[in-house]
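For reference, protein.pdb is printed below; it contains PDB, C-alpha atoms.
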```
ATOM      1  CA  MET M 505     -54.744  36.857 118.027
ATOM      2  CA  ILE M 506     -57.903  37.052 115.927
ATOM      3  CA  LEU M 507     -60.973  39.178 116.617
ATOM      4  CA  ALA M 508     -64.047  37.184 115.552
ATOM      5  CA  GLY M 509     -67.583  38.468 115.410
ATOM      6  CA  ASP M 510     -71.062  36.989 115.042
ATOM      7  CA  ILE M 511     -73.500  39.792 114.243
ATOM      8  CA  GLY M 512     -77.171  39.046 114.764
ATOM      9  CA  GLY M 513     -80.351  41.053 114.527
ATOM     10  CA  THR M 514     -80.806  40.661 118.295
ATOM     11  CA  ASN M 515     -77.305  40.216 119.711
ATOM     12  CA  THR M 516     -73.738  40.719 118.533
ATOM     13  CA  ARG M 517     -70.975  38.555 119.981
ATOM     14  CA  LEU M 518     -67.276  39.335 119.768
ATOM     15  CA  ALA M 519     -64.446  37.038 120.788
ATOM     16  CA  LEU M 520     -60.683  36.912 120.845
ATOM     17  CA  CYS M 521     -59.473  33.618 119.384
ATOM     18  CA  GLU M 522     -56.118  31.953 119.072
ATOM     19  CA  ARG M 523     -55.005  28.953 117.074
ATOM     20  CA  THR M 524     -54.002  25.805 118.970
ATOM     21  CA  GLU M 525     -53.089  22.272 117.882
ATOM     22  CA  LYS M 526     -56.715  21.238 118.461
ATOM     23  CA  GLY M 527     -58.277  24.144 116.583
ATOM     24  CA  PHE M 528     -59.324  27.593 117.708
ATOM     25  CA  ARG M 529     -59.667  28.543 121.354
ATOM     26  CA  ILE M 530     -61.819  31.456 122.463
ATOM     27  CA  THR M 531     -59.826  33.327 125.097
ATOM     28  CA  ASP M 532     -62.266  36.182 125.725
ATOM     29  CA  GLU M 533     -65.835  36.826 124.676
ATOM     30  CA  ASP M 534     -68.591  39.375 125.184
ATOM     31  CA  GLU M 535     -72.163  39.856 123.986
ATOM     32  CA  PHE M 536     -73.914  43.115 123.116
ATOM     33  CA  SER M 537     -77.491  44.076 122.335
ATOM     34  CA  SER M 538     -77.332  45.000 118.643
ATOM     35  CA  SER M 539     -80.155  47.537 118.847
ATOM     36  CA  ALA M 540     -78.338  49.472 121.591
ATOM     37  CA  PHE M 541     -75.591  50.526 119.152
ATOM     38  CA  SER M 542     -75.585  52.549 115.972
ATOM     39  CA  GLY M 543     -73.132  50.230 114.249
ATOM     40  CA  LEU M 544     -70.497  47.534 114.562
ATOM     41  CA  LYS M 545     -67.716  50.113 114.878
ATOM     42  CA  ASP M 546     -69.112  51.284 118.228
ATOM     43  CA  ILE M 547     -69.352  47.708 119.546
ATOM     44  CA  VAL M 548     -65.805  46.845 118.482
ATOM     45  CA  ASP M 549     -64.548  50.101 119.983
ATOM     46  CA  GLU M 550     -66.167  49.295 123.343
ATOM     47  CA  PHE M 551     -64.932  45.701 123.254
ATOM     48  CA  LEU M 552     -61.320  46.639 122.509
ATOM     49  CA  ASP M 553     -61.306  49.565 124.926
ATOM     50  CA  ALA M 554     -61.610  47.114 127.820
ATOM     51  CA  ARG M 555     -58.812  44.859 126.558
ATOM     52  CA  SER M 556     -55.155  45.053 125.615
ATOM     53  CA  GLY M 557     -53.026  43.169 123.121
ATOM     54  CA  LYS M 558     -52.486  43.337 119.386
ATOM     55  CA  ILE M 559     -55.121  42.040 117.004
ATOM     56  CA  GLU M 560     -53.550  40.447 113.931
ATOM     57  CA  HIS M 561     -56.724  39.994 111.888
ATOM     58  CA  ALA M 562     -60.483  40.312 112.303
ATOM     59  CA  CYS M 563     -63.436  38.615 110.654
ATOM     60  CA  PHE M 564     -67.184  39.024 111.133
ATOM     61  CA  GLY M 565     -70.220  37.021 110.124
ATOM     62  CA  VAL M 566     -72.868  39.546 109.089
ATOM     63  CA  PRO M 567     -76.569  39.007 108.286
ATOM     64  CA  GLY M 568     -76.710  40.253 104.728
ATOM     65  CA  PRO M 569     -75.232  39.876 101.251
ATOM     66  CA  VAL M 570     -71.476  40.550 101.254
ATOM     67  CA  THR M 571     -70.413  41.963  97.900
ATOM     68  CA  SER M 572     -67.894  44.596  98.986
ATOM     69  CA  GLU M 573     -66.108  45.961 102.049
ATOM     70  CA  THR M 574     -69.277  47.808 103.058
ATOM     71  CA  VAL M 575     -72.331  45.698 103.831
ATOM     72  CA  LYS M 576     -75.881  46.849 104.498
ATOM     73  CA  LEU M 577     -77.439  44.454 106.977
ATOM     74  CA  ALA M 578     -80.779  42.752 106.447
ATOM     75  CA  ASN M 579     -82.276  42.958 109.942
ATOM     76  CA  LEU M 580     -80.423  45.933 111.395
ATOM     77  CA  PRO M 581     -80.275  49.589 110.290
ATOM     78  CA  TRP M 582     -76.504  49.334 109.975
ATOM     79  CA  ALA M 583     -73.856  49.381 107.318
ATOM     80  CA  VAL M 584     -70.694  47.498 108.310
ATOM     81  CA  ASP M 585     -67.503  49.024 106.892
ATOM     82  CA  ALA M 586     -64.392  46.826 106.941
ATOM     83  CA  GLN M 587     -62.112  49.855 106.602
ATOM     84  CA  GLN M 588     -63.463  51.370 109.825
ATOM     85  CA  ILE M 589     -62.699  48.156 111.685
ATOM     86  CA  ARG M 590     -59.246  47.975 110.092
ATOM     87  CA  GLU M 591     -58.467  51.405 111.528
ATOM     88  CA  LEU M 592     -59.721  50.381 114.969
ATOM     89  CA  ILE M 593     -57.444  47.339 115.174
ATOM     90  CA  GLY M 594     -54.458  49.270 113.858
ATOM     91  CA  GLY M 595     -54.080  47.578 110.496
ATOM     92  CA  GLY M 596     -54.240  43.890 109.747
ATOM     93  CA  LYS M 597     -56.718  42.185 107.499
ATOM     94  CA  VAL M 598     -60.454  42.395 108.049
ATOM     95  CA  GLY M 599     -62.897  39.948 106.506
ATOM     96  CA  LEU M 600     -66.668  40.151 106.167
ATOM     97  CA  LEU M 601     -68.640  36.967 105.615
ATOM     98  CA  ASN M 602     -72.317  36.255 105.316
ATOM     99  CA  ASP M 603     -73.309  34.965 108.755
ATOM    100  CA  LEU M 604     -74.343  31.551 107.437
ATOM    101  CA  GLU M 605     -71.102  31.261 105.495
ATOM    102  CA  ALA M 606     -69.308  31.877 108.808
ATOM    103  CA  ASN M 607     -71.438  29.156 110.410
ATOM    104  CA  ALA M 608     -70.495  26.789 107.597
ATOM    105  CA  TYR M 609     -66.774  27.425 108.121
ATOM    106  CA  GLY M 610     -67.316  26.843 111.827
ATOM    107  CA  LEU M 611     -68.568  23.295 111.291
ATOM    108  CA  ASP M 612     -64.952  22.208 110.736
ATOM    109  CA  GLU M 613     -64.113  23.373 114.253
ATOM    110  CA  LEU M 614     -66.823  21.348 116.035
ATOM    111  CA  GLU M 615     -66.801  17.910 117.651
ATOM    112  CA  GLU M 616     -69.295  15.089 117.095
ATOM    113  CA  THR M 617     -70.862  15.954 120.453
ATOM    114  CA  ASP M 618     -71.734  19.389 119.052
ATOM    115  CA  PHE M 619     -74.401  17.836 116.811
ATOM    116  CA  ALA M 620     -77.755  16.125 117.376
ATOM    117  CA  VAL M 621     -78.699  13.671 114.639
ATOM    118  CA  LEU M 622     -82.242  13.856 113.231
ATOM    119  CA  ASN M 623     -81.594  11.598 110.251
ATOM    120  CA  SER M 624     -78.531   9.388 109.953
ATOM    121  CA  GLY M 625     -78.959   9.098 106.188
ATOM    122  CA  ASP M 626     -76.559   7.077 104.102
ATOM    123  CA  PRO M 627     -73.135   7.018 105.806
ATOM    124  CA  ASN M 628     -71.488   6.390 102.434
ATOM    125  CA  CYS M 629     -72.968   9.519 100.837
ATOM    126  CA  ARG M 630     -70.552  12.273  99.916
ATOM    127  CA  GLY M 631     -71.205  15.470  98.073
ATOM    128  CA  ASN M 632     -72.435  18.991  98.639
ATOM    129  CA  ALA M 633     -73.886  20.047 101.982
ATOM    130  CA  ALA M 634     -75.902  23.006 103.239
ATOM    131  CA  ILE M 635     -76.739  24.827 106.439
ATOM    132  CA  MET M 636     -79.831  26.811 107.394
ATOM    133  CA  SER M 637     -80.345  28.774 110.592
ATOM    134  CA  ALA M 638     -83.605  30.089 111.947
ATOM    135  CA  GLY M 639     -83.247  32.841 114.528
ATOM    136  CA  THR M 640     -84.139  36.510 114.268
ATOM    137  CA  GLY M 641     -84.207  35.829 110.507
ATOM    138  CA  LEU M 642     -83.532  32.838 108.289
ATOM    139  CA  GLY M 643     -80.121  32.250 106.772
ATOM    140  CA  GLU M 644     -78.995  29.624 104.300
ATOM    141  CA  ALA M 645     -75.601  28.723 102.837
ATOM    142  CA  GLY M 646     -74.158  25.970 100.713
ATOM    143  CA  MET M 647     -70.978  23.916 100.886
ATOM    144  CA  HIS M 648     -69.557  22.750  97.575
ATOM    145  CA  PHE M 649     -67.840  19.347  97.682
ATOM    146  CA  GLU M 650     -64.431  19.509  96.001
ATOM    147  CA  GLU M 651     -63.773  15.874  95.206
ATOM    148  CA  GLU M 652     -60.101  16.172  94.323
ATOM    149  CA  MET M 653     -59.359  17.562  97.804
ATOM    150  CA  SER M 654     -62.274  15.861  99.569
ATOM    151  CA  ILE M 655     -63.277  19.105 101.299
ATOM    152  CA  LEU M 656     -66.423  21.209 101.583
ATOM    153  CA  ARG M 657     -66.037  24.816 100.405
ATOM    154  CA  PRO M 658     -68.687  27.137 101.960
ATOM    155  CA  PHE M 659     -70.445  29.774  99.900
ATOM    156  CA  ALA M 660     -73.108  32.317 100.815
ATOM    157  CA  SER M 661     -76.682  32.624  99.666
ATOM    158  CA  GLU M 662     -79.704  34.744 100.498
ATOM    159  CA  GLY M 663     -82.088  31.792 100.276
ATOM    160  CA  GLY M 664     -83.989  32.877 103.362
ATOM    161  CA  HIS M 665     -85.421  35.726 101.305
ATOM    162  CA  ALA M 666     -86.775  33.428  98.586
ATOM    163  CA  ASP M 667     -90.543  33.069  98.281
ATOM    164  CA  PHE M 668     -92.533  31.079 100.827
ATOM    165  CA  ALA M 669     -94.038  28.053  99.044
ATOM    166  CA  PRO M 670     -97.150  26.731 100.821
ATOM    167  CA  ARG M 671     -97.968  23.024 100.409
ATOM    168  CA  THR M 672    -101.324  22.561 102.160
ATOM    169  CA  ASP M 673    -104.667  24.355 102.230
ATOM    170  CA  LEU M 674    -103.831  25.713 105.691
ATOM    171  CA  GLU M 675    -100.455  27.005 104.520
ATOM    172  CA  ILE M 676    -102.148  28.659 101.542
ATOM    173  CA  GLU M 677    -104.423  30.453 104.006
ATOM    174  CA  LEU M 678    -101.335  31.455 105.986
ATOM    175  CA  LEU M 679     -99.772  32.872 102.819
ATOM    176  CA  GLN M 680    -102.923  34.865 102.060
ATOM    177  CA  PHE M 681    -102.993  36.207 105.618
ATOM    178  CA  LEU M 682     -99.361  37.314 105.418
ATOM    179  CA  ARG M 683     -99.748  38.743 101.908
ATOM    180  CA  ALA M 684    -102.423  41.087 103.245
ATOM    181  CA  ARG M 685     -99.924  42.266 105.843
ATOM    182  CA  PHE M 686     -96.606  42.303 103.967
ATOM    183  CA  GLY M 687     -97.360  42.068 100.247
ATOM    184  CA  ARG M 688     -94.606  39.701  99.206
ATOM    185  CA  VAL M 689     -93.977  36.836 101.641
ATOM    186  CA  SER M 690     -90.490  35.368 101.938
ATOM    187  CA  VAL M 691     -89.823  32.085 103.696
ATOM    188  CA  GLU M 692     -88.094  34.118 106.432
ATOM    189  CA  ARG M 693     -91.518  35.553 107.314
ATOM    190  CA  VAL M 694     -92.497  32.048 108.411
ATOM    191  CA  VAL M 695     -89.318  30.166 109.414
ATOM    192  CA  SER M 696     -87.766  32.474 112.020
ATOM    193  CA  GLY M 697     -88.566  34.028 115.372
ATOM    194  CA  GLN M 698     -90.807  36.531 113.646
ATOM    195  CA  GLY M 699     -92.269  33.591 111.714
ATOM    196  CA  LEU M 700     -93.420  31.900 114.914
ATOM    197  CA  GLU M 701     -95.165  35.118 115.901
ATOM    198  CA  ASN M 702     -96.709  35.490 112.426
ATOM    199  CA  ILE M 703     -98.094  31.934 112.491
ATOM    200  CA  TYR M 704     -99.452  32.505 115.994
ATOM    201  CA  GLU M 705    -101.250  35.684 114.898
ATOM    202  CA  PHE M 706    -102.602  33.901 111.816
ATOM    203  CA  LEU M 707    -104.187  31.225 114.007
ATOM    204  CA  ARG M 708    -105.459  33.772 116.515
ATOM    205  CA  ASP M 709    -106.739  36.431 114.110
ATOM    206  CA  GLY M 710    -107.254  34.516 110.875
ATOM    207  CA  LYS M 711    -108.549  31.195 112.225
ATOM    208  CA  SER M 712    -110.205  32.483 115.416
ATOM    209  CA  GLU M 713    -108.147  30.301 117.732
ATOM    210  CA  VAL M 714    -108.700  31.366 121.349
ATOM    211  CA  GLU M 715    -105.820  33.211 123.004
ATOM    212  CA  PRO M 716    -106.001  32.815 126.807
ATOM    213  CA  VAL M 717    -105.710  36.043 128.788
ATOM    214  CA  TRP M 718    -102.717  34.692 130.739
ATOM    215  CA  LEU M 719    -100.866  33.913 127.498
ATOM    216  CA  ALA M 720    -101.467  37.352 125.983
ATOM    217  CA  LYS M 721    -100.194  38.902 129.217
ATOM    218  CA  GLU M 722     -97.097  36.686 129.277
ATOM    219  CA  ILE M 723     -96.236  37.687 125.717
ATOM    220  CA  GLU M 724     -96.726  41.355 126.556
ATOM    221  CA  VAL M 725     -94.597  41.202 129.703
ATOM    222  CA  ASN M 726     -91.848  39.019 128.219
ATOM    223  CA  GLY M 727     -91.531  40.964 124.962
ATOM    224  CA  ASP M 728     -90.198  37.910 123.089
ATOM    225  CA  ALA M 729     -93.284  36.327 121.576
ATOM    226  CA  ALA M 730     -91.357  33.525 119.855
ATOM    227  CA  ALA M 731     -89.761  32.391 123.127
ATOM    228  CA  VAL M 732     -93.091  32.424 124.963
ATOM    229  CA  ILE M 733     -94.824  30.528 122.156
ATOM    230  CA  SER M 734     -92.107  27.864 121.994
ATOM    231  CA  LYS M 735     -92.003  27.386 125.758
ATOM    232  CA  ASN M 736     -95.763  26.983 126.130
ATOM    233  CA  ALA M 737     -95.920  24.677 123.135
ATOM    234  CA  LEU M 738     -93.207  22.372 124.456
ATOM    235  CA  ASN M 739     -94.598  22.223 127.989
ATOM    236  CA  GLY M 740     -98.153  21.621 126.744
ATOM    237  CA  GLU M 741     -99.619  24.680 128.451
ATOM    238  CA  SER M 742    -101.339  26.103 125.360
ATOM    239  CA  SER M 743    -103.036  24.379 122.436
ATOM    240  CA  LEU M 744    -102.678  27.596 120.415
ATOM    241  CA  CYS M 745     -98.916  27.538 120.932
ATOM    242  CA  GLN M 746     -98.774  23.816 120.137
ATOM    243  CA  LYS M 747    -100.615  24.338 116.844
ATOM    244  CA  THR M 748     -98.292  27.251 116.048
ATOM    245  CA  LEU M 749     -95.176  25.173 116.626
ATOM    246  CA  ASP M 750     -96.602  22.238 114.649
ATOM    247  CA  ILE M 751     -97.077  24.454 111.585
ATOM    248  CA  PHE M 752     -93.675  26.088 112.079
ATOM    249  CA  VAL M 753     -91.832  22.763 112.283
ATOM    250  CA  ALA M 754     -93.632  21.360 109.238
ATOM    251  CA  ILE M 755     -92.659  24.376 107.126
ATOM    252  CA  TYR M 756     -89.126  24.324 108.575
ATOM    253  CA  GLY M 757     -88.762  20.698 107.463
ATOM    254  CA  ALA M 758     -90.167  21.426 104.017
ATOM    255  CA  GLU M 759     -87.746  24.333 103.509
ATOM    256  CA  ALA M 760     -84.825  22.193 104.675
ATOM    257  CA  GLY M 761     -85.860  19.652 102.034
ATOM    258  CA  ASN M 762     -86.072  22.398  99.407
ATOM    259  CA  LEU M 763     -82.547  23.502 100.308
ATOM    260  CA  ALA M 764     -81.271  19.930 100.094
ATOM    261  CA  LEU M 765     -82.721  19.599  96.589
ATOM    262  CA  LYS M 766     -81.385  22.940  95.359
ATOM    263  CA  MET M 767     -77.873  22.218  96.639
ATOM    264  CA  LEU M 768     -78.046  18.474  95.948
ATOM    265  CA  ALA M 769     -76.858  18.246  99.531
ATOM    266  CA  THR M 770     -76.160  14.529  99.705
ATOM    267  CA  GLY M 771     -73.371  15.356 102.160
ATOM    268  CA  GLY M 772     -75.872  16.607 104.722
ATOM    269  CA  ILE M 773     -78.149  19.367 105.949
ATOM    270  CA  PHE M 774     -77.182  21.211 109.127
ATOM    271  CA  LEU M 775     -79.672  23.201 111.209
ATOM    272  CA  GLY M 776     -77.974  26.065 113.040
ATOM    273  CA  GLY M 777     -79.283  29.210 114.678
ATOM    274  CA  GLY M 778     -80.897  29.798 118.018
ATOM    275  CA  ILE M 779     -84.264  28.126 117.505
ATOM    276  CA  ALA M 780     -83.393  24.551 116.481
ATOM    277  CA  PRO M 781     -81.554  23.540 119.688
ATOM    278  CA  LYS M 782     -84.367  24.994 121.822
ATOM    279  CA  ILE M 783     -87.051  22.937 120.061
ATOM    280  CA  LEU M 784     -84.936  19.821 119.522
ATOM    281  CA  SER M 785     -87.522  17.543 121.130
ATOM    282  CA  LYS M 786     -90.108  18.811 118.630
ATOM    283  CA  LEU M 787     -87.734  18.388 115.686
ATOM    284  CA  ARG M 788     -87.293  14.750 116.723
ATOM    285  CA  GLU M 789     -91.020  14.150 116.237
ATOM    286  CA  PRO M 790     -92.113  12.735 112.836
ATOM    287  CA  VAL M 791     -93.492  15.992 111.385
ATOM    288  CA  PHE M 792     -90.117  17.610 110.632
ATOM    289  CA  LEU M 793     -88.545  14.714 108.749
ATOM    290  CA  GLU M 794     -91.790  13.760 107.024
ATOM    291  CA  SER M 795     -91.984  17.303 105.633
ATOM    292  CA  PHE M 796     -88.285  17.082 104.710
ATOM    293  CA  PHE M 797     -88.752  13.786 102.837
ATOM    294  CA  ASP M 798     -92.078  14.699 101.182
ATOM    295  CA  LYS M 799     -90.698  15.637  97.769
ATOM    296  CA  GLY M 800     -92.475  13.185  95.480
ATOM    297  CA  ARG M 801     -90.051  11.370  93.222
ATOM    298  CA  MET M 802     -87.101  12.788  95.174
ATOM    299  CA  ARG M 803     -88.158  11.202  98.477
ATOM    300  CA  GLU M 804     -85.701   8.305  98.188
ATOM    301  CA  LEU M 805     -82.840  10.741  97.588
ATOM    302  CA  LEU M 806     -83.730  12.850 100.636
ATOM    303  CA  GLU M 807     -84.083   9.837 102.909
ATOM    304  CA  LYS M 808     -80.345   9.289 102.338
ATOM    305  CA  VAL M 809     -79.408  12.854 103.355
ATOM    306  CA  PRO M 810     -77.985  13.189 106.895
ATOM    307  CA  VAL M 811     -79.740  15.891 108.917
ATOM    308  CA  ARG M 812     -78.099  17.281 112.048
ATOM    309  CA  VAL M 813     -78.771  20.107 114.496
ATOM    310  CA  VAL M 814     -75.796  22.273 115.487
ATOM    311  CA  LEU M 815     -75.798  22.464 119.293
ATOM    312  CA  ASN M 816     -72.692  24.643 119.723
ATOM    313  CA  ASP M 817     -73.738  28.298 119.557
ATOM    314  CA  LYS M 818     -70.150  29.402 118.951
ATOM    315  CA  ALA M 819     -70.019  27.920 115.439
ATOM    316  CA  ALA M 820     -70.180  31.317 113.716
ATOM    317  CA  LEU M 821     -67.450  32.794 115.941
ATOM    318  CA  LEU M 822     -65.200  29.813 115.330
ATOM    319  CA  GLY M 823     -65.999  30.004 111.615
ATOM    320  CA  ALA M 824     -65.016  33.666 111.462
ATOM    321  CA  ALA M 825     -61.725  32.814 113.202
ATOM    322  CA  HIS M 826     -61.207  29.871 110.840
ATOM    323  CA  PHE M 827     -61.698  32.110 107.812
ATOM    324  CA  ALA M 828     -59.385  34.800 109.188
ATOM    325  CA  PHE M 829     -56.588  32.276 109.792
ATOM    326  CA  TYR M 830     -56.882  30.088 106.715
ATOM    327  CA  GLU M 831     -58.142  32.587 104.122
ATOM    328  CA  LEU M 832     -57.168  36.131 105.155
ATOM    329  CA  GLU M 833     -53.750  35.114 106.470
ATOM    330  CA  THR M 834     -52.735  33.607 103.128
ATOM    331  CA  LYS M 835     -54.060  36.425 100.946
ATOM    332  CA  GLU M 836     -51.609  38.920  99.569
TER     333      GLU M 836
END
```
Kindly return the structure encoded in the file as structure tokens.
Amino acid sequence: MILAGDIGGTNTRLALCERTEKGFRITDEDEFSSSAFSGLKDIVDEFLDARSGKIEHACFGVPGPVTSETVKLANLPWAVDAQQIRELIGGGKVGLLNDLEANAYGLDELEETDFAVLNSGDPNCRGNAAIMSAGTGLGEAGMHFEEEMSILRPFASEGGHADFAPRTDLEIELLQFLRARFGRVSVERVVSGQGLENIYEFLRDGKSEVEPVWLAKEIEVNGDAAAVISKNALNGESSLCQKTLDIFVAIYGAEAGNLALKMLATGGIFLGGGIAPKILSKLREPVFLESFFDKGRMRELLEKVPVRVVLNDKAALLGAAHFAFYELETKE
């Protein structure tokens, strides 16, 4: 039995997984509000307290750079300590992965029906691949193609914290607006849930777009501005929300293209995270792929890159279980 975890800035999910002939099966799962706990140890303690059975190994996808057994998280005031978790499960091996690296491992555990195709690309293309996930923050990871074994080997990155690179006059104005607020502007400030809110406020406050009273009230009552903006953009209820989502999707596509170039991801780009599946109809419109392809002399290369949205929200959990079984189990 493996304890797998997917730690997010908003929610943390834990699951018990076991290996079957068809892959990993989640036998028990629970979700916790991350901000309601002072650390992962408390969540694991509560999860295990309600369950019995021996845990052989544990692995967690965490939002932050993993360079040791103690990881300071990017969007939570936590430090995750593998040794603390090891003591809770009574020994066994405990692995910490960057959350996008866990997502990348999880791709091997998914079915074709777990993906929505945005660009079929060249079916004969092989090579590196990459995954990016917009949610509370923006994560990115690569997958190195090992030709002799014909496998993809995931590796972590912190590409979501690279600089935001505007391409149009309007995006330059957006950068200037956000610089006045934050100083340095990472791409995560734009391509994420907080990014949707930042773009919305730029249009409202920086470009004098009219915010209807009903919309301001809905955002205040709901508390999740990104969800309200997306919903009212997709249902056509607000031109301000539609303009916000248009800008968001264009920059999302451009960053996906940047990632494809940096990784030479001829094997494909995968879009994970919570936002992409919710705005799938918008991603299918021309703006996303046109921004993805719009790389000058590299356009022809990018037109051959498959682009798919990950629809299964358990990819990171399954990836953590995959890593625990195939990597931790074999380590001395």
Residue nearest M:Asn762 among M:Ser734, M:Ser795, M:Ser743, M:Ser661 (counting all atoms listed in the file):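 Under the stated criterion, the closest residue is M:Ser795.
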Chain and number of each residue from the PyMOL selection byres ((chain M and resi 771-778) around 8), as a tab-separated table (two decimals) with C-alpha atoms, in the frame of the given file:
```
chain	number	residue	atom	x	y	z
M	607	ASN	CA	-71.44	29.16	110.41
M	629	CYS	CA	-72.97	9.52	100.84
M	630	ARG	CA	-70.55	12.27	99.92
M	631	GLY	CA	-71.20	15.47	98.07
M	632	ASN	CA	-72.44	18.99	98.64
M	633	ALA	CA	-73.89	20.05	101.98
M	634	ALA	CA	-75.90	23.01	103.24
M	635	ILE	CA	-76.74	24.83	106.44
M	636	MET	CA	-79.83	26.81	107.39
M	637	SER	CA	-80.34	28.77	110.59
M	638	ALA	CA	-83.60	30.09	111.95
M	639	GLY	CA	-83.25	32.84	114.53
M	760	ALA	CA	-84.82	22.19	104.68
M	764	ALA	CA	-81.27	19.93	100.09
M	769	ALA	CA	-76.86	18.25	99.53
M	770	THR	CA	-76.16	14.53	99.70
M	779	ILE	CA	-84.26	28.13	117.50
M	780	ALA	CA	-83.39	24.55	116.48
M	781	PRO	CA	-81.55	23.54	119.69
M	782	LYS	CA	-84.37	24.99	121.82
M	809	VAL	CA	-79.41	12.85	103.36
M	810	PRO	CA	-77.98	13.19	106.90
M	811	VAL	CA	-79.74	15.89	108.92
M	812	ARG	CA	-78.10	17.28	112.05
M	813	VAL	CA	-78.77	20.11	114.50
M	814	VAL	CA	-75.80	22.27	115.49
M	815	LEU	CA	-75.80	22.46	119.29
M	817	ASP	CA	-73.74	28.30	119.56
```
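Interatomic distance, atom CA of M:Asn726 to atom CA of M:Leu784: 22.2 Å.
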Nearby residues (only C-alpha atoms) at most 12 Å from stretch 800-803 of chain M, same-chain spacing under 3 positions excluded, as a count of residues only: 17
Residues near M:Gly699, cut-off 12 Å, all atoms listed in the file, skip fewer than 3 positions along chain, as a PyMOL selection string: chain M and resi 638-642+664+668+678-679+682+689-696+702-706+729-731+733-734+748-749+751-753+755-756+779
One-decimal distance in Å that lies between atom CA of M:Ile547 and atom CA of M:Pro658: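 Taking atom CA of M:Pro658 and atom CA of M:Ile547, their separation equals 27.1 Å.
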Residues matched by the PyMOL selection byres ((chain M and resi 517) around 8) as a PyMOL selection string: chain M and resi 509-511+515-516+518-519+533-536+821
Within-10 Å shell of (-70.5, 48.2, 113.2) in input frame, all atoms listed in the file, as JSON, numbers by chain: {"M": [511, 516, 538, 541, 542, 543, 544, 545, 546, 547, 548, 549, 564, 566, 575, 582, 583, 584, 585, 586, 588, 589]}
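Between atom CA of M:Asp798 and atom CA of M:Leu744 the separation is 25.5 Å.
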Selected residue of minimal separation from M:Leu656 among M:Pro670, M:Gly599, M:Gly643, M:Gly610, counting all atoms listed in the file: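 Closest candidate: M:Gly610.
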Starting from the displayed file, determine the output of the PyMOL selection byres ((chain M and resi 552-554) around 10) and express the residue list as a compact mmCIF listing (two decimals) with C-alpha atoms, in the coordinates of the input.
```
# COMPACT_ATOMS: atom_id res chain seq x y z
CA LEU M 507 -60.97 39.18 116.62
CA LEU M 518 -67.28 39.34 119.77
CA LEU M 520 -60.68 36.91 120.84
CA ILE M 547 -69.35 47.71 119.55
CA VAL M 548 -65.81 46.84 118.48
CA ASP M 549 -64.55 50.10 119.98
CA GLU M 550 -66.17 49.30 123.34
CA PHE M 551 -64.93 45.70 123.25
CA ARG M 555 -58.81 44.86 126.56
CA SER M 556 -55.16 45.05 125.62
CA GLY M 557 -53.03 43.17 123.12
CA LYS M 558 -52.49 43.34 119.39
CA ILE M 559 -55.12 42.04 117.00
CA LEU M 592 -59.72 50.38 114.97
CA ILE M 593 -57.44 47.34 115.17
```
Which residue of M:Phe829, M:Phe619, M:Phe681, M:Tyr609 approaches M:Asn816 most closely, using only C-alpha atoms: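 Among the listed residues, M:Phe619 lies closest to M:Asn816.
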Minimum-distance residue to M:Pro569, chosen among M:Val791, M:Met505, M:Leu600, M:Ile655 (using all atoms listed in the file):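 Selected residue with least distance to M:Pro569: M:Leu600.
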Top pick for closest residue to M:His826, considering M:Glu789, M:Glu613, M:Glu662, M:Asp750 and counting only C-alpha atoms: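 Smallest distance to M:His826 is found for M:Glu613.
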N, CA and C atoms modelled onto stretch 710-719 of chain M, as a PDB file, in the frame of the given file:
```
ATOM      1  N   GLY M 710    -106.715  35.004 112.146  1.00  0.00           N
ATOM      2  CA  GLY M 710    -107.254  34.516 110.875  1.00  0.00           C
ATOM      3  C   GLY M 710    -108.085  33.261 110.998  1.00  0.00           C
ATOM      4  N   LYS M 711    -107.824  32.459 112.040  1.00  0.00           N
ATOM      5  CA  LYS M 711    -108.549  31.195 112.225  1.00  0.00           C
ATOM      6  C   LYS M 711    -109.350  31.171 113.522  1.00  0.00           C
ATOM      7  N   SER M 712    -109.386  32.312 114.200  1.00  0.00           N
ATOM      8  CA  SER M 712    -110.205  32.483 115.416  1.00  0.00           C
ATOM      9  C   SER M 712    -109.862  31.490 116.518  1.00  0.00           C
ATOM     10  N   GLU M 713    -108.582  31.119 116.609  1.00  0.00           N
ATOM     11  CA  GLU M 713    -108.147  30.301 117.732  1.00  0.00           C
ATOM     12  C   GLU M 713    -108.127  31.172 118.996  1.00  0.00           C
ATOM     13  N   VAL M 714    -108.568  30.597 120.112  1.00  0.00           N
ATOM     14  CA  VAL M 714    -108.700  31.366 121.349  1.00  0.00           C
ATOM     15  C   VAL M 714    -107.335  31.586 121.998  1.00  0.00           C
ATOM     16  N   GLU M 715    -107.030  32.844 122.288  1.00  0.00           N
ATOM     17  CA  GLU M 715    -105.820  33.211 123.004  1.00  0.00           C
ATOM     18  C   GLU M 715    -106.175  33.457 124.464  1.00  0.00           C
ATOM     19  N   PRO M 716    -105.705  32.594 125.385  1.00  0.00           N
ATOM     20  CA  PRO M 716    -106.001  32.815 126.807  1.00  0.00           C
ATOM     21  C   PRO M 716    -105.451  34.157 127.291  1.00  0.00           C
ATOM     22  N   VAL M 717    -106.135  34.750 128.253  1.00  0.00           N
ATOM     23  CA  VAL M 717    -105.710  36.043 128.788  1.00  0.00           C
ATOM     24  C   VAL M 717    -104.308  35.948 129.383  1.00  0.00           C
ATOM     25  N   TRP M 718    -104.029  34.843 130.100  1.00  0.00           N
ATOM     26  CA  TRP M 718    -102.717  34.692 130.739  1.00  0.00           C
ATOM     27  C   TRP M 718    -101.589  34.644 129.710  1.00  0.00           C
ATOM     28  N   LEU M 719    -101.880  34.037 128.538  1.00  0.00           N
ATOM     29  CA  LEU M 719    -100.866  33.913 127.498  1.00  0.00           C
ATOM     30  C   LEU M 719    -100.588  35.262 126.843  1.00  0.00           C
TER      31      LEU M 719
END
```
